[in-house]
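run09.cif (mmCIF, C-alpha atoms)
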```
data_data
#
loop_
_atom_site.label_atom_id
_atom_site.label_comp_id
_atom_site.auth_asym_id
_atom_site.auth_seq_id
_atom_site.Cartn_x
_atom_site.Cartn_y
_atom_site.Cartn_z
CA MET A 49 -16.45 16.08 -6.86
CA ASN A 50 -13.89 13.86 -8.57
CA LEU A 51 -12.68 10.85 -6.60
CA TYR A 52 -9.65 8.85 -7.61
CA GLN A 53 -8.70 5.32 -6.64
CA PRO A 54 -5.56 3.29 -7.46
CA PHE A 55 -5.79 0.79 -10.26
CA CYS A 56 -4.43 -2.26 -8.47
CA ILE A 57 -4.71 -5.05 -11.01
CA ALA A 58 -4.57 -7.88 -8.54
CA LEU A 59 -7.35 -6.37 -6.50
CA PHE A 60 -9.37 -5.13 -9.48
CA LEU A 61 -9.46 -8.63 -10.91
CA SER A 62 -11.03 -9.89 -7.74
CA LEU A 63 -14.17 -8.05 -8.82
CA VAL A 64 -14.47 -10.28 -11.86
CA THR A 65 -12.63 -13.48 -10.93
CA PRO A 66 -14.76 -16.23 -9.37
CA ALA A 67 -13.66 -17.88 -6.15
CA LEU A 68 -11.37 -20.80 -6.76
CA ALA A 69 -12.49 -24.26 -5.77
CA GLN A 70 -12.14 -25.17 -2.11
CA ASP A 71 -10.10 -28.08 -0.91
CA SER A 72 -12.33 -31.01 -0.07
CA SER A 73 -10.19 -31.96 2.92
CA LYS A 74 -11.21 -30.44 6.24
CA PRO A 75 -8.57 -28.06 7.65
CA ALA A 76 -7.26 -28.85 11.11
CA GLY A 77 -8.10 -26.51 13.99
CA MET A 78 -5.53 -23.83 14.78
CA ALA A 79 -6.75 -22.48 18.10
CA ALA A 80 -4.61 -24.74 20.29
CA PRO A 81 -1.35 -24.26 18.30
CA LEU A 82 -2.01 -20.52 18.10
CA LYS A 83 -2.59 -20.25 21.81
CA SER A 84 0.92 -21.52 22.49
CA ILE A 85 2.66 -19.01 20.21
CA ALA A 86 0.39 -15.96 19.95
CA VAL A 87 1.61 -12.64 21.34
CA LYS A 88 -1.52 -11.18 22.90
CA LEU A 89 -2.21 -7.46 22.53
CA ASP A 90 -4.60 -5.07 24.25
CA SER A 91 -7.50 -4.45 21.86
CA ALA A 92 -8.78 -1.50 23.93
CA ASP A 93 -5.62 0.58 23.36
CA LEU A 94 -4.13 -0.80 20.16
CA ALA A 95 -1.39 1.83 19.73
CA GLY A 96 -0.87 2.23 23.47
CA LYS A 97 2.42 2.07 25.35
CA ALA A 98 1.86 -1.48 26.58
CA ASN A 99 1.36 -2.84 23.07
CA VAL A 100 4.33 -0.87 21.74
CA ALA A 101 6.54 -2.34 24.48
CA THR A 102 5.23 -5.84 23.73
CA MET A 103 5.92 -5.51 20.02
CA ARG A 104 9.44 -4.17 20.61
CA LYS A 105 10.21 -7.56 22.09
CA ALA A 106 8.21 -9.59 19.58
CA LEU A 107 9.48 -8.09 16.31
CA ASP A 108 12.43 -9.58 14.48
CA ARG A 109 14.74 -6.61 13.90
CA GLN A 110 17.00 -8.37 11.38
CA PHE A 111 15.55 -6.70 8.32
CA LYS A 112 16.47 -3.97 5.89
CA VAL A 113 12.95 -3.55 4.52
CA LEU A 114 9.85 -4.48 6.51
CA GLY A 115 6.55 -4.68 4.64
CA ILE A 116 3.51 -3.90 6.79
CA GLY A 117 0.40 -4.90 4.88
CA GLU A 118 -3.35 -4.58 5.23
CA GLN A 119 -6.29 -6.56 3.87
CA SER A 120 -8.10 -3.42 2.73
CA HIS A 121 -7.22 0.24 2.24
CA GLY A 122 -10.32 1.30 4.19
CA THR A 123 -10.00 -0.17 7.68
CA SER A 124 -9.61 2.07 10.74
CA GLU A 125 -7.81 -0.40 12.98
CA PHE A 126 -5.19 -1.19 10.33
CA PHE A 127 -3.94 2.40 10.48
CA THR A 128 -3.72 2.14 14.27
CA ALA A 129 -1.90 -1.20 14.14
CA ARG A 130 0.63 0.24 11.71
CA LEU A 131 1.24 3.22 13.99
CA MET A 132 1.88 0.81 16.86
CA LEU A 133 4.43 -1.11 14.79
CA ILE A 134 6.13 2.09 13.60
CA GLU A 135 6.48 3.32 17.18
CA ALA A 136 7.87 -0.06 18.21
CA LEU A 137 10.50 0.17 15.46
CA ALA A 138 11.39 3.80 16.11
CA ASP A 139 13.65 3.03 19.10
CA ASP A 140 16.20 1.90 16.51
CA PRO A 141 18.00 4.98 15.07
CA ALA A 142 18.65 3.01 11.86
CA PHE A 143 14.90 3.13 11.13
CA THR A 144 14.62 6.27 9.01
CA LYS A 145 11.98 5.87 6.27
CA ILE A 146 8.40 4.83 5.66
CA GLY A 147 7.33 3.99 2.12
CA LEU A 148 3.74 4.53 0.97
CA GLU A 149 1.78 2.88 -1.82
CA ALA A 150 1.38 6.33 -3.37
CA PRO A 151 3.02 8.27 -6.22
CA MET A 152 6.65 9.23 -5.64
CA ALA A 153 6.44 12.92 -6.52
CA GLU A 154 3.24 13.56 -4.58
CA VAL A 155 4.64 12.05 -1.37
CA GLN A 156 7.58 14.47 -1.55
CA GLN A 157 5.02 17.18 -0.74
CA LEU A 158 4.16 15.38 2.48
CA ASN A 159 7.75 15.68 3.67
CA ALA A 160 7.79 19.38 2.79
CA PHE A 161 4.72 19.83 5.00
CA LEU A 162 6.22 17.93 7.93
CA GLN A 163 9.72 19.35 7.79
CA GLN A 164 9.08 22.93 6.64
CA GLY A 165 5.36 23.48 7.26
CA ARG A 166 4.73 24.03 3.54
CA GLY A 167 1.27 23.43 2.13
CA ASP A 168 -2.01 22.09 3.51
CA LEU A 169 -2.04 18.47 4.66
CA GLN A 170 -5.52 17.62 3.39
CA GLU A 171 -4.74 19.13 -0.02
CA ILE A 172 -1.50 17.15 -0.17
CA LEU A 173 -3.35 13.93 0.60
CA LYS A 174 -5.93 14.80 -2.05
CA SER A 175 -3.11 15.12 -4.58
CA PHE A 176 -2.29 11.42 -4.05
CA ARG A 177 -5.57 10.72 -5.90
CA LEU A 178 -6.07 7.72 -3.61
CA TYR A 179 -9.02 8.44 -1.37
CA GLY A 180 -8.01 5.74 1.11
CA TYR A 181 -5.40 8.15 2.48
CA GLU A 182 -7.96 10.94 2.89
CA CYS A 183 -9.12 9.96 6.34
CA ALA A 184 -8.67 11.01 9.95
CA GLU A 185 -6.66 7.87 10.75
CA PHE A 186 -3.94 8.58 8.21
CA VAL A 187 -3.70 12.22 9.30
CA HIS A 188 -3.20 10.96 12.86
CA LEU A 189 -0.54 8.49 11.71
CA VAL A 190 1.37 11.24 9.89
CA GLU A 191 1.18 13.57 12.86
CA GLN A 192 2.37 10.86 15.24
CA VAL A 193 5.28 9.86 12.98
CA ASN A 194 6.31 13.52 13.01
CA ARG A 195 6.04 13.54 16.82
CA ILE A 196 8.07 10.33 17.14
CA GLY A 197 10.82 11.76 14.94
CA LYS A 198 11.07 14.92 17.00
CA ALA A 199 11.04 13.01 20.29
CA ARG A 200 13.92 10.78 19.26
CA GLY A 201 15.86 13.63 17.62
CA LYS A 202 15.90 12.00 14.18
CA ALA A 203 13.13 12.52 11.65
CA ILE A 204 11.40 9.63 9.88
CA ARG A 205 10.87 10.52 6.23
CA PHE A 206 8.04 9.31 3.99
CA PHE A 207 8.58 8.28 0.39
CA GLY A 208 6.22 7.06 -2.32
CA PHE A 209 7.00 3.93 -4.32
CA ASP A 210 4.04 3.88 -6.71
CA MET A 211 3.79 5.64 -10.07
CA GLN A 212 0.12 6.07 -10.95
CA SER A 213 -0.05 9.87 -11.22
CA PRO A 214 1.90 12.13 -13.64
CA PHE A 215 0.87 15.49 -12.22
CA GLN A 216 3.35 16.43 -9.48
CA SER A 217 6.30 14.94 -11.34
CA LEU A 218 5.48 17.13 -14.35
CA GLN A 219 5.06 20.15 -12.06
CA ASN A 220 8.44 19.52 -10.41
CA MET A 221 10.12 19.33 -13.80
CA ALA A 222 8.36 22.47 -15.04
CA ASP A 223 9.43 24.41 -11.92
CA ALA A 224 13.07 23.46 -12.54
CA ALA A 225 13.08 23.87 -16.34
CA ALA A 226 15.92 26.06 -17.60
CA THR A 227 13.90 27.59 -20.44
CA LYS A 228 10.35 28.82 -20.85
CA ASP A 229 9.60 26.60 -23.84
CA VAL A 230 10.51 23.45 -21.87
CA ALA A 231 8.35 24.58 -18.96
CA ASP A 232 5.48 25.34 -21.34
CA SER A 233 5.79 21.88 -22.93
CA LEU A 234 5.56 20.25 -19.51
CA LYS A 235 2.52 22.36 -18.60
CA ALA A 236 0.89 21.36 -21.88
CA LEU A 237 1.36 17.71 -20.92
CA GLN A 238 -0.30 18.42 -17.57
CA GLN A 239 -3.27 19.96 -19.37
CA SER A 240 -3.53 16.96 -21.69
CA TYR A 241 -3.65 14.57 -18.75
CA GLY A 242 -6.25 16.79 -17.10
CA MET A 243 -8.51 16.27 -20.11
CA LEU A 244 -7.79 12.51 -20.09
CA ASN A 245 -8.89 12.05 -16.50
CA ASN A 246 -10.89 8.86 -17.12
CA GLU A 247 -8.02 7.29 -19.03
CA ILE A 248 -5.67 7.93 -16.11
CA TYR A 249 -8.28 6.62 -13.69
CA ASN A 250 -8.71 3.38 -15.65
CA HIS A 251 -5.16 3.10 -17.06
CA MET A 252 -6.69 2.58 -20.49
CA PHE A 253 -5.24 5.10 -22.96
CA THR A 254 -5.99 4.54 -26.62
CA GLN A 255 -3.05 3.69 -28.85
CA ALA A 256 -3.33 7.07 -30.58
CA ASP A 257 -3.54 9.14 -27.37
CA PHE A 258 -0.64 7.27 -25.80
CA ALA A 259 1.56 7.53 -28.91
CA GLU A 260 1.06 11.31 -28.99
CA LEU A 261 1.75 11.68 -25.25
CA GLU A 262 4.82 9.46 -25.41
CA ALA A 263 6.30 11.34 -28.37
CA SER A 264 5.76 14.72 -26.69
CA SER A 265 7.16 13.38 -23.43
CA ASN A 266 10.30 11.95 -25.02
CA ARG A 267 11.08 15.26 -26.70
CA VAL A 268 10.80 17.32 -23.54
CA LEU A 269 12.50 14.76 -21.27
CA ALA A 270 15.51 14.72 -23.58
CA ARG A 271 15.86 18.47 -23.06
CA LEU A 272 15.74 18.04 -19.27
CA GLU A 273 18.75 15.74 -19.01
CA ALA A 274 21.18 18.57 -18.24
CA THR A 275 18.93 19.89 -15.46
CA ALA A 276 18.44 16.39 -14.07
CA SER A 277 22.19 15.85 -13.75
CA LYS A 278 22.30 18.66 -11.18
CA ASN A 279 18.88 18.28 -9.49
CA ALA A 280 17.91 15.16 -7.50
CA LEU A 281 14.21 16.11 -7.40
CA VAL A 282 14.11 16.41 -11.18
CA ARG A 283 15.83 13.03 -11.56
CA LYS A 284 13.29 11.42 -9.25
CA SER A 285 10.39 13.15 -10.99
CA MET A 286 11.65 11.98 -14.38
CA ARG A 287 11.84 8.41 -13.08
CA ASN A 288 8.32 8.70 -11.66
CA TYR A 289 6.97 10.02 -14.96
CA ARG A 290 8.77 7.45 -17.12
CA GLN A 291 7.36 4.70 -14.95
CA PHE A 292 3.89 6.20 -15.30
CA LEU A 293 4.30 6.00 -19.08
CA LEU A 294 5.55 2.43 -18.90
CA LEU A 295 2.62 1.39 -16.70
CA ASN A 296 0.15 2.91 -19.16
CA ASP A 297 1.70 1.67 -22.39
CA PRO A 298 -1.17 -0.09 -24.23
CA VAL A 299 1.24 -2.88 -25.21
CA HIS A 300 0.66 -4.37 -21.76
CA ALA A 301 -1.81 -1.98 -20.08
CA HIS A 302 -4.74 -3.78 -21.73
CA SER A 303 -3.55 -7.07 -20.19
CA GLY A 304 -4.33 -7.18 -16.48
CA ALA A 305 -1.70 -9.80 -15.66
CA ALA A 306 1.07 -8.05 -17.61
CA GLN A 307 0.33 -4.65 -16.11
CA ALA A 308 0.22 -6.09 -12.60
CA VAL A 309 3.74 -7.49 -12.99
CA VAL A 310 5.00 -4.18 -14.40
CA ARG A 311 3.52 -2.23 -11.49
CA ASP A 312 4.76 -4.51 -8.73
CA SER A 313 8.24 -4.87 -10.23
CA LEU A 314 8.53 -1.07 -10.50
CA MET A 315 7.32 -0.65 -6.91
CA ALA A 316 10.07 -3.03 -5.77
CA GLU A 317 12.62 -1.12 -7.86
CA ASN A 318 11.57 2.15 -6.20
CA VAL A 319 11.89 0.68 -2.72
CA LEU A 320 15.38 -0.60 -3.50
CA ALA A 321 16.35 2.85 -4.82
CA GLU A 322 15.49 4.33 -1.39
CA MET A 323 17.76 1.98 0.54
CA GLU A 324 20.81 3.45 2.24
CA PRO A 325 23.75 1.66 3.90
CA GLY A 326 23.06 0.90 7.54
CA SER A 327 19.45 2.11 7.38
CA LYS A 328 16.11 0.33 7.76
CA MET A 329 12.67 1.16 6.46
CA ALA A 330 9.05 0.06 6.62
CA ILE A 331 6.79 0.05 3.56
CA LEU A 332 3.00 0.26 3.79
CA ALA A 333 0.82 -1.31 1.10
CA HIS A 334 -1.89 -3.90 0.56
CA ASN A 335 -1.12 -7.45 1.69
CA GLY A 336 -1.30 -8.55 -1.94
CA HIS A 337 1.61 -6.29 -2.89
CA LEU A 338 3.83 -7.10 0.08
CA GLN A 339 3.55 -10.87 0.45
CA ARG A 340 6.85 -12.60 -0.28
CA THR A 341 5.26 -15.04 -2.73
CA PRO A 342 3.23 -14.58 -5.92
CA ASN A 343 -0.47 -14.09 -5.25
CA VAL A 344 -3.16 -15.74 -7.35
CA PHE A 345 -3.16 -12.81 -9.78
CA SER A 346 0.44 -11.70 -10.19
CA LYS A 347 3.98 -11.63 -8.95
CA SER A 348 4.11 -9.27 -5.98
CA ALA A 349 6.48 -6.46 -5.10
CA GLY A 350 7.32 -8.51 -2.00
CA LEU A 351 8.43 -11.41 -4.19
CA PHE A 352 10.86 -9.17 -6.09
CA LEU A 353 12.17 -7.70 -2.83
CA ALA A 354 12.62 -11.13 -1.26
CA GLN A 355 14.51 -12.34 -4.34
CA LYS A 356 16.84 -9.34 -4.11
CA LEU A 357 17.24 -9.00 -0.34
CA GLY A 358 16.68 -12.54 0.95
CA ALA A 359 16.21 -12.45 4.72
CA GLY A 360 16.72 -8.69 4.55
CA TYR A 361 13.09 -8.46 3.44
CA GLN A 362 10.37 -9.35 5.92
CA CYS A 363 6.64 -8.78 5.76
CA ILE A 364 3.76 -8.66 8.22
CA GLY A 365 0.23 -9.30 6.99
CA ILE A 366 -2.58 -7.58 8.89
CA THR A 367 -5.84 -9.53 8.79
CA THR A 368 -9.40 -9.39 10.11
CA SER A 369 -12.27 -11.83 10.53
CA TYR A 370 -15.33 -9.62 10.29
CA GLY A 371 -16.68 -6.10 10.60
CA PHE A 372 -16.86 -3.27 8.06
CA TYR A 373 -14.60 -1.30 5.75
CA THR A 374 -14.78 2.02 3.92
CA THR A 375 -14.93 2.15 0.13
CA TYR A 376 -16.98 3.46 -2.75
CA ASN A 377 -20.35 1.70 -2.81
CA PRO A 378 -21.95 1.77 -6.30
CA THR A 379 -25.44 1.07 -4.96
CA ALA A 380 -25.25 3.99 -2.55
CA GLY A 381 -23.45 6.11 -5.14
CA ARG A 382 -20.93 7.33 -2.58
CA ILE A 383 -18.20 6.28 -0.18
CA THR A 384 -19.59 4.47 2.86
CA ASP A 385 -18.07 2.86 5.95
CA GLN A 386 -20.70 0.12 6.24
CA ASN A 387 -19.36 -2.34 3.66
CA GLU A 388 -19.30 -5.77 5.26
CA VAL A 389 -16.18 -7.77 5.97
CA VAL A 390 -17.70 -11.19 5.37
CA ALA A 391 -16.98 -13.88 7.96
CA GLY A 392 -15.10 -16.75 6.32
CA ASP A 393 -16.06 -20.41 6.43
CA ALA A 394 -13.88 -23.29 7.66
CA ALA A 395 -11.89 -23.21 4.40
CA THR A 396 -10.47 -19.76 5.28
CA PHE A 397 -7.60 -18.81 7.57
CA GLU A 398 -9.69 -16.02 9.10
CA HIS A 399 -12.25 -18.51 10.39
CA HIS A 400 -9.55 -20.36 12.32
CA LEU A 401 -7.77 -17.22 13.53
CA SER A 402 -11.02 -15.92 15.01
CA ALA A 403 -11.44 -19.17 16.98
CA LEU A 404 -8.65 -18.10 19.32
CA ASP A 405 -10.18 -16.42 22.37
CA GLN A 406 -8.17 -13.23 21.85
CA PRO A 407 -9.39 -10.19 19.89
CA VAL A 408 -5.92 -8.99 18.78
CA PHE A 409 -2.72 -11.01 18.53
CA PHE A 410 0.55 -11.36 16.65
CA PHE A 411 2.38 -14.51 15.63
CA ARG A 412 5.31 -15.68 13.55
CA THR A 413 4.15 -17.84 10.69
CA ALA A 414 7.17 -20.16 10.82
CA ARG A 415 6.25 -21.15 14.37
CA LEU A 416 2.64 -21.93 13.45
CA ARG A 417 3.77 -23.76 10.32
CA SER A 418 5.95 -25.96 12.52
CA GLN A 419 3.04 -26.59 14.89
CA MET A 420 0.78 -27.53 11.96
CA GLN A 421 3.29 -29.85 10.30
CA GLY A 422 1.47 -32.74 8.61
CA LYS A 423 -1.96 -31.21 9.20
CA SER A 424 -4.34 -29.88 6.58
CA LEU A 425 -4.35 -26.08 6.28
CA PRO A 426 -7.07 -23.74 4.99
CA ARG A 427 -6.66 -22.92 1.32
CA ARG A 428 -7.99 -19.38 1.20
CA TYR A 429 -7.76 -16.00 2.84
CA ARG A 430 -9.16 -12.54 2.32
CA LEU A 431 -8.07 -10.03 -0.34
CA LEU A 432 -10.37 -6.99 -0.21
CA VAL A 433 -10.47 -4.83 -3.32
CA TYR A 434 -10.35 -1.04 -3.20
CA GLY A 435 -13.93 -0.92 -4.36
CA LEU A 436 -16.80 -3.08 -3.18
CA ALA A 437 -16.18 -6.81 -3.63
CA ASP A 438 -18.68 -9.63 -3.83
CA ASN A 439 -15.94 -12.25 -3.54
CA GLN A 440 -13.51 -11.59 -0.72
CA PHE A 441 -11.51 -14.85 -0.49
CA PHE A 442 -8.88 -16.31 -2.80
CA ASP A 443 -6.42 -19.17 -2.79
CA GLY A 444 -3.27 -18.63 -0.76
CA ASN A 445 -1.26 -19.91 2.18
CA LEU A 446 -0.99 -17.20 4.82
CA LEU A 447 1.84 -19.10 6.52
CA ASP A 448 4.02 -19.13 3.40
CA ASP A 449 3.11 -15.65 2.16
CA PHE A 450 4.08 -13.67 5.28
CA ASP A 451 6.79 -13.84 7.94
CA ALA A 452 4.29 -12.74 10.58
CA VAL A 453 0.60 -11.93 10.96
CA LEU A 454 -1.17 -9.38 13.14
CA HIS A 455 -4.80 -10.43 13.43
CA ILE A 456 -7.61 -8.11 14.54
CA ARG A 457 -10.82 -10.08 14.95
CA HIS A 458 -13.32 -7.23 14.44
CA THR A 459 -12.61 -4.08 12.43
CA SER A 460 -14.45 -0.97 11.28
CA GLY A 461 -14.37 1.41 8.33
CA ASN A 462 -12.00 4.34 8.45
CA ARG A 463 -13.24 7.91 8.89
CA SER A 464 -12.98 9.07 5.29
CA PHE A 465 -13.28 12.79 4.62
CA TYR A 466 -15.89 11.86 2.00
CA LEU A 467 -18.37 10.17 4.33
CA SER A 468 -21.74 11.92 4.29
CA GLN A 469 -22.37 13.94 7.39
#
```
Can you present the structure in this file as structure tokens?
Amino acid sequence: MNLYQPFCIALFLSLVTPALAQDSSKPAGMAAPLKSIAVKLDSADLAGKANVATMRKALDRQFKVLGIGEQSHGTSEFFTARLMLIEALADDPAFTKIGLEAPMAEVQQLNAFLQQGRGDLQEILKSFRLYGYECAEFVHLVEQVNRIGKARGKAIRFFGFDMQSPFQSLQNMADAAATKDVADSLKALQQSYGMLNNEIYNHMFTQADFAELEASSNRVLARLEATASKNALVRKSMRNYRQFLLLNDPVHAHSGAAQAVVRDSLMAENVLAEMEPGSKMAILAHNGHLQRTPNVFSKSAGLFLAQKLGAGYQCIGITTSYGFYTTYNPTAGRITDQNEVVAGDAATFEHHLSALDQPVFFFRTARLRSQMQGKSLPRRYRLLVYGLADNQFFDGNLLDDFDAVLHIRHTSGNRSFYLSQ
């Protein structure tokens, strides 16, 4: 069984980057300031009606794009929290789209399933080649978003804003090709990528392999221009595929920092391309991609969006203090849901957030920043990699990086389809 995971440079580097030095000053306690501003939520029914009603009042609706993050891609409660936020936003008819940290062309298949009943949902999720989506929680989120759209009489559409897979974009172009030789050329590219599975997985093509693929691609894409001028799906698929090539160009692909900036800048570009006058959207990705500041590894997509949209971009970080998460465990040789979310020490934000006697709460960072004026803040917070991480904490200021935080004290691993029975 082949399993695929996204190559997120910022998170991958956390496997090999040592923890940065802690501040010697002792951070001030946050429990008292938090108590005065925290919006308390029912932990027993996280996506329940009471929490949805509470968040409808608590959310700032003055956004065009709202990033809803997560500290790991393998946490059950993060999916539930996102569903709660989506339902809270859905009373606004201007809210029409949800972006996923998944390849553009593959996510189009998800809409075909929801709107026309085409395809098999689990097979569509498998085509994302990101096993974090292949879980019961994401299936439930998709089904509930479909239900919400029907109940309000206006569908909410998914879109992908990542570019890490070439397969569905090539298939879309082949299906629309005007001549057999163009279609055959596109299918030949698909076969080549099928044989270069490890190179796609690691984003590490050799110079020779990439040069051959790029030359073949440029020839066939040039012949598709006429079709693209009349077909929106082909245009989008061509953009997806060109971005895939750019991401994998060895000129910068062998430099983690350079590739991270390329990926996040392209993700921001794809989000902006989905914007429509008078409409609002939410985008779902890792906290490290959505924060409105650079993280310790790279410029983030959220930084590019904030620079372009100003206050029109907002982001919510979802955090946890301890528990477990689901990911591939090399020692076990399989995906497990018993990978520990390590409790942070006094130098971490999570340590101080867990001191509040409330298992789930939401707060606006500007309000806490005002309360903590002149006091020493923690210097680190959690960034969990897609795979298993020895080091979970890195330098950052949670209050500067996000407009709001939803904190869940204890979390558990999601119910991956690949967990051993």
Check what the PyMOL selection byres ((chain A and resi 159-172) around 12) selects in the file above and give those residues as a PyMOL selection string.
chain A and resi 145-147+150-158+173-179+181-184+186-188+190-195+197-198+202-208+216+464-466
Taking the file as shown, what set of residues would the PyMOL selection byres ((chain A and resi 273-284) around 12) give back, as a ChimeraX atom specification?
/A:151-157,207-209,211,216-227,230,266-272,285-291,318,321-322
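With all atoms listed in the file as the atoms that count, the minimum distance from Thr144 in chain A to the choices A:Leu107, A:Ile248, A:Ala316, A:Ala330 is reached by A:Ala330.
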Residue among A:Phe253, A:Tyr434, A:Phe410, A:Tyr370 lying closest to Gly122 in chain A, counting all atoms listed in the file
A:Tyr434
List as JSON, numbers by chain the protein and nucleic acid residues near Arg415 in chain A, meaning an atom at most 10 Å away when only C-alpha atoms are counted, but skip any in the same chain fewer than 6 places from it.
{"A": [81, 82, 84, 85, 86, 447, 451, 452]}
Any chance you can output those residues with C-alpha atoms as a PDB file, in the frame of the given file?
```
ATOM      1  CA  PRO A  81      -1.350 -24.260  18.300  1.00  0.00           C
ATOM      2  CA  LEU A  82      -2.010 -20.520  18.100  1.00  0.00           C
ATOM      3  CA  SER A  84       0.920 -21.520  22.490  1.00  0.00           C
ATOM      4  CA  ILE A  85       2.660 -19.010  20.210  1.00  0.00           C
ATOM      5  CA  ALA A  86       0.390 -15.960  19.950  1.00  0.00           C
ATOM      6  CA  LEU A 447       1.840 -19.100   6.520  1.00  0.00           C
ATOM      7  CA  ASP A 451       6.790 -13.840   7.940  1.00  0.00           C
ATOM      8  CA  ALA A 452       4.290 -12.740  10.580  1.00  0.00           C
TER       9      ALA A 452
END
```
Taking 6 positions as the minimum chain separation for residues in the same chain, which residues sit within 8 Å of Val344 in chain A when counting only C-alpha atoms? Answer as JSON, numbers by chain.
{"A": [442, 443, 444]}
What's the separation between CA of Lys88 in chain A and CA of Ile456 in chain A, in Å to one decimal place?
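Result for CA of Lys88 in chain A versus CA of Ile456 in chain A: 10.8 Å, one decimal.
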